[in-house]
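Student: Next up, model_14.cif (mmCIF, C-alpha atoms).
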data_work
loop_
_atom_site.label_atom_id
_atom_site.label_comp_id
_atom_site.auth_asym_id
_atom_site.auth_seq_id
_atom_site.Cartn_x
_atom_site.Cartn_y
_atom_site.Cartn_z
CA MET A 1 85.69 84.13 104.27
CA GLU A 2 85.06 87.68 103.16
CA SER A 3 82.97 88.30 100.07
CA SER A 4 84.87 89.30 96.95
CA THR A 5 82.70 92.44 96.94
CA GLN A 6 83.92 93.67 100.34
CA TYR A 7 86.93 95.45 98.90
CA GLN A 8 84.66 97.07 96.29
CA LEU A 9 82.38 98.43 99.02
CA LEU A 10 85.36 99.94 100.82
CA TYR A 11 86.79 101.26 97.53
CA HIS A 12 83.49 102.95 96.58
CA ARG A 13 83.09 104.44 100.07
CA LEU A 14 86.59 105.91 100.10
CA LYS A 15 86.24 107.22 96.55
CA LYS A 16 82.92 108.87 97.42
CA GLU A 17 84.52 110.51 100.45
CA ILE A 18 87.45 111.76 98.36
CA LEU A 19 85.06 113.28 95.81
CA ALA A 20 83.03 114.87 98.61
CA ASP A 21 86.17 116.46 100.15
CA VAL A 22 85.94 114.40 103.31
CA TYR A 23 89.54 113.69 102.38
CA PRO A 24 90.83 116.74 100.42
CA ILE A 25 93.77 116.55 98.03
CA GLY A 26 96.97 116.23 100.04
CA SER A 27 95.28 114.67 103.05
CA ILE A 28 96.08 111.19 104.36
CA LEU A 29 93.54 108.38 104.38
CA PRO A 30 93.09 106.33 107.56
CA SER A 31 95.84 103.75 108.02
CA GLU A 32 95.39 100.16 106.90
CA ASN A 33 95.08 99.13 110.55
CA ASP A 34 92.35 101.72 111.17
CA LEU A 35 90.42 100.68 108.05
CA CYS A 36 90.68 97.01 109.02
CA PHE A 37 89.36 97.75 112.52
CA ALA A 38 86.61 100.18 111.48
CA ALA A 39 85.14 97.92 108.78
CA ASN A 40 86.11 94.55 110.28
CA LEU A 41 88.08 93.63 107.16
CA SER A 42 91.27 91.70 106.54
CA ARG A 43 94.44 93.56 105.61
CA SER A 44 94.45 91.96 102.14
CA THR A 45 90.92 93.27 101.46
CA VAL A 46 91.85 96.80 102.57
CA ARG A 47 95.01 96.73 100.46
CA GLN A 48 93.00 95.62 97.42
CA ALA A 49 90.66 98.60 97.81
CA LEU A 50 93.57 101.02 98.25
CA SER A 51 95.37 99.49 95.28
CA GLN A 52 92.36 100.16 93.06
CA LEU A 53 92.23 103.79 94.23
CA GLU A 54 95.94 104.10 93.45
CA THR A 55 95.51 102.51 89.99
CA GLU A 56 92.79 105.03 89.14
CA GLY A 57 94.91 107.96 90.28
CA TYR A 58 92.97 108.99 93.38
CA ILE A 59 95.77 108.29 95.86
CA THR A 60 99.50 107.67 95.98
CA LYS A 61 101.16 105.47 98.58
CA LEU A 62 104.25 106.88 100.32
CA LYS A 63 106.34 104.62 102.53
CA GLY A 64 106.23 105.83 106.10
CA LYS A 65 103.36 108.25 105.44
CA GLY A 66 100.44 106.20 104.13
CA SER A 67 97.89 106.79 101.38
CA ILE A 68 97.91 110.42 100.21
CA VAL A 69 94.93 111.81 98.27
CA LYS A 70 96.34 112.79 94.89
CA SER A 71 93.40 113.69 92.65
CA LYS A 72 89.64 114.16 92.57
CA SER A 73 89.33 113.09 88.92
CA ARG A 74 86.41 110.86 88.09
CA SER A 75 87.57 107.92 86.05
CA LEU A 76 86.38 104.72 84.44
CA ASN A 77 89.14 102.16 84.11
CA LEU A 78 87.34 100.46 81.23
CA LEU A 79 90.55 98.94 79.90
CA SER A 80 91.11 96.95 83.09
CA PHE A 81 90.34 93.23 82.99
CA HIS A 82 88.58 93.50 86.37
CA GLY A 83 85.33 94.24 84.52
CA PHE A 84 82.98 97.17 84.18
CA SER A 85 81.01 96.43 87.35
CA ALA A 86 84.14 96.40 89.49
CA MET A 87 85.42 99.71 88.12
CA VAL A 88 82.29 101.89 88.20
CA ASP A 89 80.20 103.19 91.10
CA LYS A 90 77.17 100.88 91.12
CA THR A 91 74.84 103.74 92.06
CA LYS A 92 75.67 105.45 88.75
CA MET A 93 75.86 102.37 86.55
CA SER A 94 73.06 100.77 84.55
CA THR A 95 72.81 97.99 81.99
CA LEU A 96 70.54 97.87 78.96
CA SER A 97 69.65 94.48 77.53
CA VAL A 98 70.49 93.94 73.86
CA GLN A 99 70.72 90.15 73.53
CA GLU A 100 69.95 87.67 76.31
CA PRO A 101 72.35 84.70 76.57
CA MET A 102 71.84 82.18 73.78
CA PHE A 103 73.64 79.21 72.23
CA MET A 104 75.08 79.79 68.76
CA PRO A 105 77.96 78.80 66.45
CA TRP A 106 81.07 80.96 66.55
CA PRO A 107 80.97 83.94 64.16
CA GLU A 108 82.72 83.17 60.87
CA GLU A 109 85.06 86.14 61.28
CA PHE A 110 86.44 85.99 64.80
CA PRO A 111 89.33 88.16 66.03
CA PHE A 112 91.13 85.40 67.97
CA GLU A 113 92.24 81.92 67.01
CA LEU A 114 90.09 79.26 68.67
CA SER A 115 91.22 75.83 69.84
CA GLU A 116 89.65 72.74 68.28
CA LEU A 117 87.88 72.13 71.59
CA GLU A 118 86.36 75.62 71.55
CA LYS A 119 85.35 75.35 67.89
CA GLY A 120 83.58 72.05 68.47
CA ALA A 121 81.72 73.26 71.57
CA GLY A 122 80.16 76.35 69.99
CA CYS A 123 79.55 79.39 72.16
CA ILE A 124 77.16 81.19 74.44
CA HIS A 125 76.62 84.76 73.25
CA PHE A 126 75.09 87.80 74.91
CA ALA A 127 75.22 91.56 74.29
CA ARG A 128 74.50 94.57 76.46
CA VAL A 129 75.01 98.32 76.72
CA ARG A 130 76.68 99.68 79.84
CA ALA A 131 75.79 103.23 80.92
CA VAL A 132 77.08 105.66 83.53
CA GLU A 133 74.67 108.32 84.81
CA ARG A 134 72.29 107.20 82.04
CA ARG A 135 74.86 107.93 79.34
CA PRO A 136 75.75 104.85 77.22
CA VAL A 137 79.51 104.40 77.27
CA MET A 138 80.04 100.83 76.09
CA TYR A 139 78.36 98.35 73.74
CA GLU A 140 79.62 94.93 74.76
CA LEU A 141 79.39 91.63 72.88
CA THR A 142 80.53 88.55 74.81
CA PHE A 143 81.29 85.03 73.58
CA VAL A 144 81.81 82.15 76.01
CA PRO A 145 82.80 78.62 74.91
CA ASN A 146 80.00 76.21 75.78
CA LEU A 147 82.27 74.10 77.98
CA ASN A 148 81.22 72.85 81.41
CA LEU A 149 79.07 75.87 82.28
CA PRO A 150 75.72 74.24 83.08
CA ARG A 151 72.62 76.43 83.43
CA PHE A 152 74.51 79.53 82.25
CA VAL A 153 71.85 80.60 79.73
CA ARG A 154 69.07 80.19 82.26
CA GLN A 155 70.79 81.75 85.28
CA PHE A 156 72.93 84.63 84.06
CA LYS A 157 71.20 88.03 84.07
CA LEU A 158 72.53 90.88 81.96
CA ASN A 159 72.37 93.41 84.79
CA GLN A 160 74.76 91.47 87.02
CA SER A 161 78.54 91.28 87.05
CA PHE A 162 79.72 88.64 84.58
CA PHE A 163 82.95 87.94 86.45
CA GLU A 164 81.25 87.74 89.86
CA PHE A 165 78.70 85.32 88.40
CA LEU A 166 81.46 83.10 86.99
CA ALA A 167 83.31 83.09 90.32
CA LYS A 168 80.21 82.28 92.37
CA GLU A 169 78.60 79.67 90.12
CA TYR A 170 81.64 77.96 88.59
CA GLN A 171 84.66 79.00 90.71
CA LEU A 172 86.00 80.50 87.48
CA GLU A 173 88.49 83.33 87.94
CA ILE A 174 89.98 85.66 85.32
CA THR A 175 93.78 85.52 85.46
CA GLY A 176 94.81 87.75 82.55
CA MET A 177 93.81 89.36 79.28
CA GLU A 178 94.95 90.06 75.74
CA GLN A 179 93.36 92.97 73.89
CA GLN A 180 93.48 94.67 70.52
CA ILE A 181 92.37 98.32 70.18
CA TRP A 182 91.32 100.30 67.10
CA ALA A 183 89.59 103.58 66.34
CA VAL A 184 86.47 103.00 64.23
CA ALA A 185 83.55 105.05 62.93
CA ALA A 186 80.10 104.40 64.38
CA ASN A 187 77.74 102.48 62.11
CA SER A 188 73.95 102.22 62.32
CA LEU A 189 74.13 99.56 65.04
CA HIS A 190 76.40 101.69 67.18
CA THR A 191 74.28 104.81 66.73
CA GLN A 192 71.28 102.87 67.99
CA HIS A 193 72.94 101.44 71.09
CA LEU A 194 75.35 104.22 72.06
CA GLN A 195 73.12 107.16 71.04
CA VAL A 196 75.79 108.79 68.88
CA GLU A 197 75.77 110.23 65.38
CA SER A 198 76.82 108.14 62.40
CA ASN A 199 80.64 108.12 61.91
CA THR A 200 81.29 109.27 65.47
CA PRO A 201 84.77 107.98 66.50
CA LEU A 202 84.61 104.96 68.81
CA LEU A 203 87.17 102.70 70.40
CA LYS A 204 86.83 99.07 69.33
CA ILE A 205 88.44 96.63 71.74
CA ASN A 206 88.73 92.89 71.14
CA ARG A 207 89.53 90.93 74.29
CA LYS A 208 90.61 87.41 75.12
CA TYR A 209 90.35 86.63 78.85
CA HIS A 210 92.44 83.84 80.34
CA SER A 211 90.95 81.88 83.23
CA ASN A 212 92.06 79.45 85.91
CA ARG A 213 90.84 76.67 83.62
CA SER A 214 93.58 76.23 81.06
CA HIS A 215 91.17 75.10 78.32
CA LEU A 216 88.61 77.87 78.85
CA ASN A 217 89.06 81.40 77.49
CA LEU A 218 86.37 84.08 77.32
CA TYR A 219 86.02 86.61 74.51
CA SER A 220 84.42 90.01 74.04
CA THR A 221 84.24 92.91 71.62
CA LEU A 222 83.64 96.36 73.10
CA TYR A 223 82.68 99.61 71.39
CA CYS A 224 83.40 102.55 73.70
CA ASN A 225 81.96 106.03 73.34
CA THR A 226 84.82 108.35 74.29
CA GLU A 227 82.91 111.61 73.80
CA LYS A 228 82.79 112.11 77.57
CA TYR A 229 85.67 109.88 78.62
CA ALA A 230 89.15 110.26 77.12
CA LEU A 231 91.80 107.55 77.06
CA GLY A 232 94.66 108.28 79.50
CA ASN A 233 98.29 108.13 78.45
CA THR A 234 99.82 105.76 80.94
CA SER A 235 97.33 103.87 83.06
CA GLY A 236 94.73 102.76 80.57
CA ILE A 237 92.15 104.96 82.32
CA LEU A 238 89.30 106.72 80.62
CA ASN A 239 89.19 110.11 82.35
CA GLN A 240 86.15 112.33 82.30
CA SER A 241 86.54 115.11 79.74
CA ILE A 242 86.02 118.69 80.91
#
Let me see whether you can do it: turn the structure in this file into structure tokens.

Tutor:
Amino acid sequence: MESSTQYQLLYHRLKKEILADVYPIGSILPSENDLCFAANLSRSTVRQALSQLETEGYITKLKGKGSIVKSKSRSLNLLSFHGFSAMVDKTKMSTLSVQEPMFMPWPEEFPFELSELEKGAGCIHFARVRAVERRPVMYELTFVPNLNLPRFVRQFKLNQSFFEFLAKEYQLEITGMEQQIWAVAANSLHTQHLQVESNTPLLKINRKYHSNRSHLNLYSTLYCNTEKYALGNTSGILNQSI
């Protein structure tokens, strides 16, 4: 079985080649058959990589022609539920530790309604800052119900992909997401972690992730610095500002 990261490796390689003009705008990427053969990948894996490129606006698929390079824009699809690590070139991404995983009661003011099971279990909380090219772009607070996730606090490391860890250790997959988005002014905590001035506009995003375990939802609050990355109109993409 192919690793879930195989499509990401192909995606990052093709994106790098698009940005480097190996495939200029208007050119056609290798066919799915050629990509499968060259990288020894399944068709579903190749299609997943191409689909991500299409979602981010790099290519467009035309029936009978293939995948046409559409744009060289650099983008961070931070509003996708696939997770930060899946959407950003790993060579340019870094994670700063803010709070290692710890057990705690749920915050008194919580943006989503919790089930009685979740309330009784308490939560595992961690916080981190995600950066691209050493520029902090997101302050992320995560809350996980303490339900059938043994050794989580001891094993999870803040610099790894949260979703990949869940899939590998617990066969837990994210199936969907609800999110609420506001514009807020940076407070002292945000200025510290995102390196912005007080009252700088930020995007606050509350998320509820649904999983393949009907009783287990995951929650996060994100504060995004949009000084360099602007929210797109249609695709939920944060495009790099000129």

Student: Give the centre and edge lengths of an axis-aligned box, in Å to one decimal, that holds all listed atoms of segment 177-193 of chain A with 6 Å on each side, as lines of an AutoDock Vina configuration file.

Tutor:
center_x = 83.1
center_y = 97.2
center_z = 70.7
size_x = 35.7
size_y = 27.7
size_z = 29.2

Student: One decimal, in Å: what's the spacing between atom CA of Leu222 of chain A and atom CA of Thr142 of chain A?

Tutor: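 A separation of 8.6 Å between them.
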
Student: Between A:Ala183, A:Gln52, A:Gln171, A:Ser188, which one has atoms that come closest to His12 of chain A, using only C-alpha atoms?

Tutor: A:Gln52

Student: What does the structure give for the distance between atom CA of Lys61 of chain A and atom CA of Thr5 of chain A, in Å to one decimal?

Tutor: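 Computing it gives 22.7 Å between the two atoms.
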
Student: Starting from the displayed file, determine the output of the PyMOL selection byres ((chain A and resi 153-168) around 10) and express the residue list as a ChimeraX atom specification.

Tutor: /A:4-5,81-86,93-103,124-130,142,149-152,169-174

Student: Can you spell out as a PyMOL selection string the set of residues that the PyMOL selection byres ((chain A and resi 196) around 12) selects in the structure I just provided?

Tutor: chain A and resi 135-139+185-195+197-202+223-228

Student: Let me see the file: selected residues, C-alpha atoms, as a PDB file, in the coordinates of the input.

Tutor:
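out_5.pdb, written as the output of this step:
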ATOM      1  CA  ARG A 135      74.860 107.930  79.340  1.00  0.00           C
ATOM      2  CA  PRO A 136      75.750 104.850  77.220  1.00  0.00           C
ATOM      3  CA  VAL A 137      79.510 104.400  77.270  1.00  0.00           C
ATOM      4  CA  MET A 138      80.040 100.830  76.090  1.00  0.00           C
ATOM      5  CA  TYR A 139      78.360  98.350  73.740  1.00  0.00           C
ATOM      6  CA  ALA A 185      83.550 105.050  62.930  1.00  0.00           C
ATOM      7  CA  ALA A 186      80.100 104.400  64.380  1.00  0.00           C
ATOM      8  CA  ASN A 187      77.740 102.480  62.110  1.00  0.00           C
ATOM      9  CA  SER A 188      73.950 102.220  62.320  1.00  0.00           C
ATOM     10  CA  LEU A 189      74.130  99.560  65.040  1.00  0.00           C
ATOM     11  CA  HIS A 190      76.400 101.690  67.180  1.00  0.00           C
ATOM     12  CA  THR A 191      74.280 104.810  66.730  1.00  0.00           C
ATOM     13  CA  GLN A 192      71.280 102.870  67.990  1.00  0.00           C
ATOM     14  CA  HIS A 193      72.940 101.440  71.090  1.00  0.00           C
ATOM     15  CA  LEU A 194      75.350 104.220  72.060  1.00  0.00           C
ATOM     16  CA  GLN A 195      73.120 107.160  71.040  1.00  0.00           C
ATOM     17  CA  GLU A 197      75.770 110.230  65.380  1.00  0.00           C
ATOM     18  CA  SER A 198      76.820 108.140  62.400  1.00  0.00           C
ATOM     19  CA  ASN A 199      80.640 108.120  61.910  1.00  0.00           C
ATOM     20  CA  THR A 200      81.290 109.270  65.470  1.00  0.00           C
ATOM     21  CA  PRO A 201      84.770 107.980  66.500  1.00  0.00           C
ATOM     22  CA  LEU A 202      84.610 104.960  68.810  1.00  0.00           C
ATOM     23  CA  TYR A 223      82.680  99.610  71.390  1.00  0.00           C
ATOM     24  CA  CYS A 224      83.400 102.550  73.700  1.00  0.00           C
ATOM     25  CA  ASN A 225      81.960 106.030  73.340  1.00  0.00           C
ATOM     26  CA  THR A 226      84.820 108.350  74.290  1.00  0.00           C
ATOM     27  CA  GLU A 227      82.910 111.610  73.800  1.00  0.00           C
ATOM     28  CA  LYS A 228      82.790 112.110  77.570  1.00  0.00           C
TER      29      LYS A 228
END

Student: Determine the residue membership of the PyMOL selection byres ((chain A and resi 29-31) around 8) for the file above and supply it as a list of chain:residue names.

Tutor: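 Listing what the PyMOL selection byres ((chain A and resi 29-31) around 8) selects in the shown file: A:Tyr23, A:Ser27, A:Ile28, A:Glu32, A:Asn33, A:Asp34, A:Leu35, A:Gly66, A:Ser67, A:Ile68, A:Val69.
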
Student: Please indicate the distance in Å from atom CA of Arg43 of chain A to atom CA of Lys92 of chain A, rounded to one decimal place.

Tutor: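 Those two atoms sit 27.9 Å apart.
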
Student: May I have the residues within 10 Å of Leu114 of chain A as JSON, numbers by chain, using all atoms listed in the file and disregarding those fewer than 6 positions away in the same chain?

Tutor: {"A": [106, 120, 145, 217]}

Student: Using only C-alpha atoms, which residues sit within 12 Å of Pro24 of chain A once same-chain residues fewer than 6 positions away are excluded, as a list in words?

Tutor: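 Residues near the query, excluding close chain neighbours: Leu14, Lys15, Lys16, Glu17, Ile18, Tyr58, Ile59, Ile68, Val69, Lys70, Ser71 and Lys72 of chain A.
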
Student: Restricting the calculation to only C-alpha atoms, which member of A:Val144, A:His210, A:Leu41, A:Leu203 is positioned closest to Gly176 of chain A?

Tutor: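 Of all the options, A:His210 lies closest to Gly176 of chain A.
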
Student: Assuming the input is short of atoms at segment 14-25 of chain A, produce all heavy atoms for that part as a short mmCIF file (atom, residue, chain, number, x, y, z; two decimals), in the frame of the given file.

Tutor:
data_model
loop_
_atom_site.label_atom_id
_atom_site.label_comp_id
_atom_site.auth_asym_id
_atom_site.auth_seq_id
_atom_site.Cartn_x
_atom_site.Cartn_y
_atom_site.Cartn_z
N LEU A 14 85.46 104.99 100.04
CA LEU A 14 86.59 105.91 100.10
C LEU A 14 86.60 106.86 98.91
O LEU A 14 86.88 108.06 99.06
CB LEU A 14 87.90 105.12 100.16
CG LEU A 14 88.15 104.34 101.46
CD1 LEU A 14 89.40 103.47 101.32
CD2 LEU A 14 88.29 105.29 102.64
N LYS A 15 86.27 106.35 97.73
CA LYS A 15 86.24 107.22 96.55
C LYS A 15 85.16 108.29 96.70
O LYS A 15 85.40 109.47 96.38
CB LYS A 15 85.97 106.39 95.28
CG LYS A 15 86.01 107.25 94.00
CD LYS A 15 85.94 106.41 92.75
CE LYS A 15 84.54 105.89 92.48
NZ LYS A 15 84.42 105.29 91.12
N LYS A 16 84.00 107.90 97.20
CA LYS A 16 82.92 108.87 97.42
C LYS A 16 83.35 109.94 98.40
O LYS A 16 83.06 111.14 98.22
CB LYS A 16 81.68 108.14 97.93
CG LYS A 16 80.46 109.03 98.13
CD LYS A 16 79.25 108.21 98.57
CE LYS A 16 78.03 109.09 98.77
NZ LYS A 16 76.84 108.29 99.20
N GLU A 17 84.07 109.55 99.45
CA GLU A 17 84.52 110.51 100.45
C GLU A 17 85.60 111.43 99.89
O GLU A 17 85.66 112.62 100.24
CB GLU A 17 85.01 109.76 101.69
CG GLU A 17 83.86 109.09 102.45
CD GLU A 17 84.34 108.19 103.59
OE1 GLU A 17 85.55 107.88 103.62
OE2 GLU A 17 83.50 107.81 104.42
N ILE A 18 86.45 110.92 99.02
CA ILE A 18 87.45 111.76 98.36
C ILE A 18 86.76 112.81 97.48
O ILE A 18 87.09 113.99 97.50
CB ILE A 18 88.43 110.90 97.53
CG1 ILE A 18 89.32 110.08 98.45
CG2 ILE A 18 89.28 111.78 96.61
CD1 ILE A 18 90.16 109.04 97.74
N LEU A 19 85.78 112.37 96.70
CA LEU A 19 85.06 113.28 95.81
C LEU A 19 84.27 114.33 96.59
O LEU A 19 84.04 115.44 96.10
CB LEU A 19 84.14 112.50 94.88
CG LEU A 19 84.84 111.57 93.86
CD1 LEU A 19 83.80 110.75 93.10
CD2 LEU A 19 85.68 112.38 92.89
N ALA A 20 83.82 113.95 97.79
CA ALA A 20 83.03 114.87 98.61
C ALA A 20 83.90 115.75 99.52
O ALA A 20 83.38 116.49 100.35
CB ALA A 20 82.04 114.08 99.46
N ASP A 21 85.23 115.65 99.37
CA ASP A 21 86.17 116.46 100.15
C ASP A 21 86.20 116.09 101.63
O ASP A 21 86.68 116.87 102.46
CB ASP A 21 85.89 117.96 100.01
CG ASP A 21 86.66 118.57 98.84
OD1 ASP A 21 87.66 117.96 98.41
OD2 ASP A 21 86.26 119.64 98.36
N VAL A 22 85.70 114.90 101.96
CA VAL A 22 85.94 114.40 103.31
C VAL A 22 87.44 114.21 103.51
O VAL A 22 87.99 114.49 104.57
CB VAL A 22 85.19 113.06 103.53
CG1 VAL A 22 85.55 112.47 104.90
CG2 VAL A 22 83.69 113.26 103.42
N TYR A 23 88.09 113.77 102.42
CA TYR A 23 89.54 113.69 102.38
C TYR A 23 90.02 114.57 101.22
O TYR A 23 90.03 114.15 100.07
CB TYR A 23 90.02 112.25 102.17
CG TYR A 23 89.57 111.31 103.26
CD1 TYR A 23 88.62 110.33 103.00
CD2 TYR A 23 90.10 111.41 104.54
CE1 TYR A 23 88.20 109.47 104.00
CE2 TYR A 23 89.69 110.55 105.55
CZ TYR A 23 88.74 109.59 105.27
OH TYR A 23 88.32 108.74 106.27
N PRO A 24 90.39 115.82 101.48
CA PRO A 24 90.83 116.74 100.42
C PRO A 24 92.16 116.27 99.83
O PRO A 24 92.87 115.44 100.39
CB PRO A 24 91.00 118.08 101.16
CG PRO A 24 90.31 117.91 102.46
CD PRO A 24 90.37 116.46 102.80
N ILE A 25 92.49 116.84 98.67
CA ILE A 25 93.77 116.55 98.03
C ILE A 25 94.90 116.93 98.98
O ILE A 25 94.90 118.00 99.58
CB ILE A 25 93.90 117.34 96.71
CG1 ILE A 25 92.89 116.81 95.68
CG2 ILE A 25 95.32 117.22 96.14
CD1 ILE A 25 92.85 117.58 94.39
#
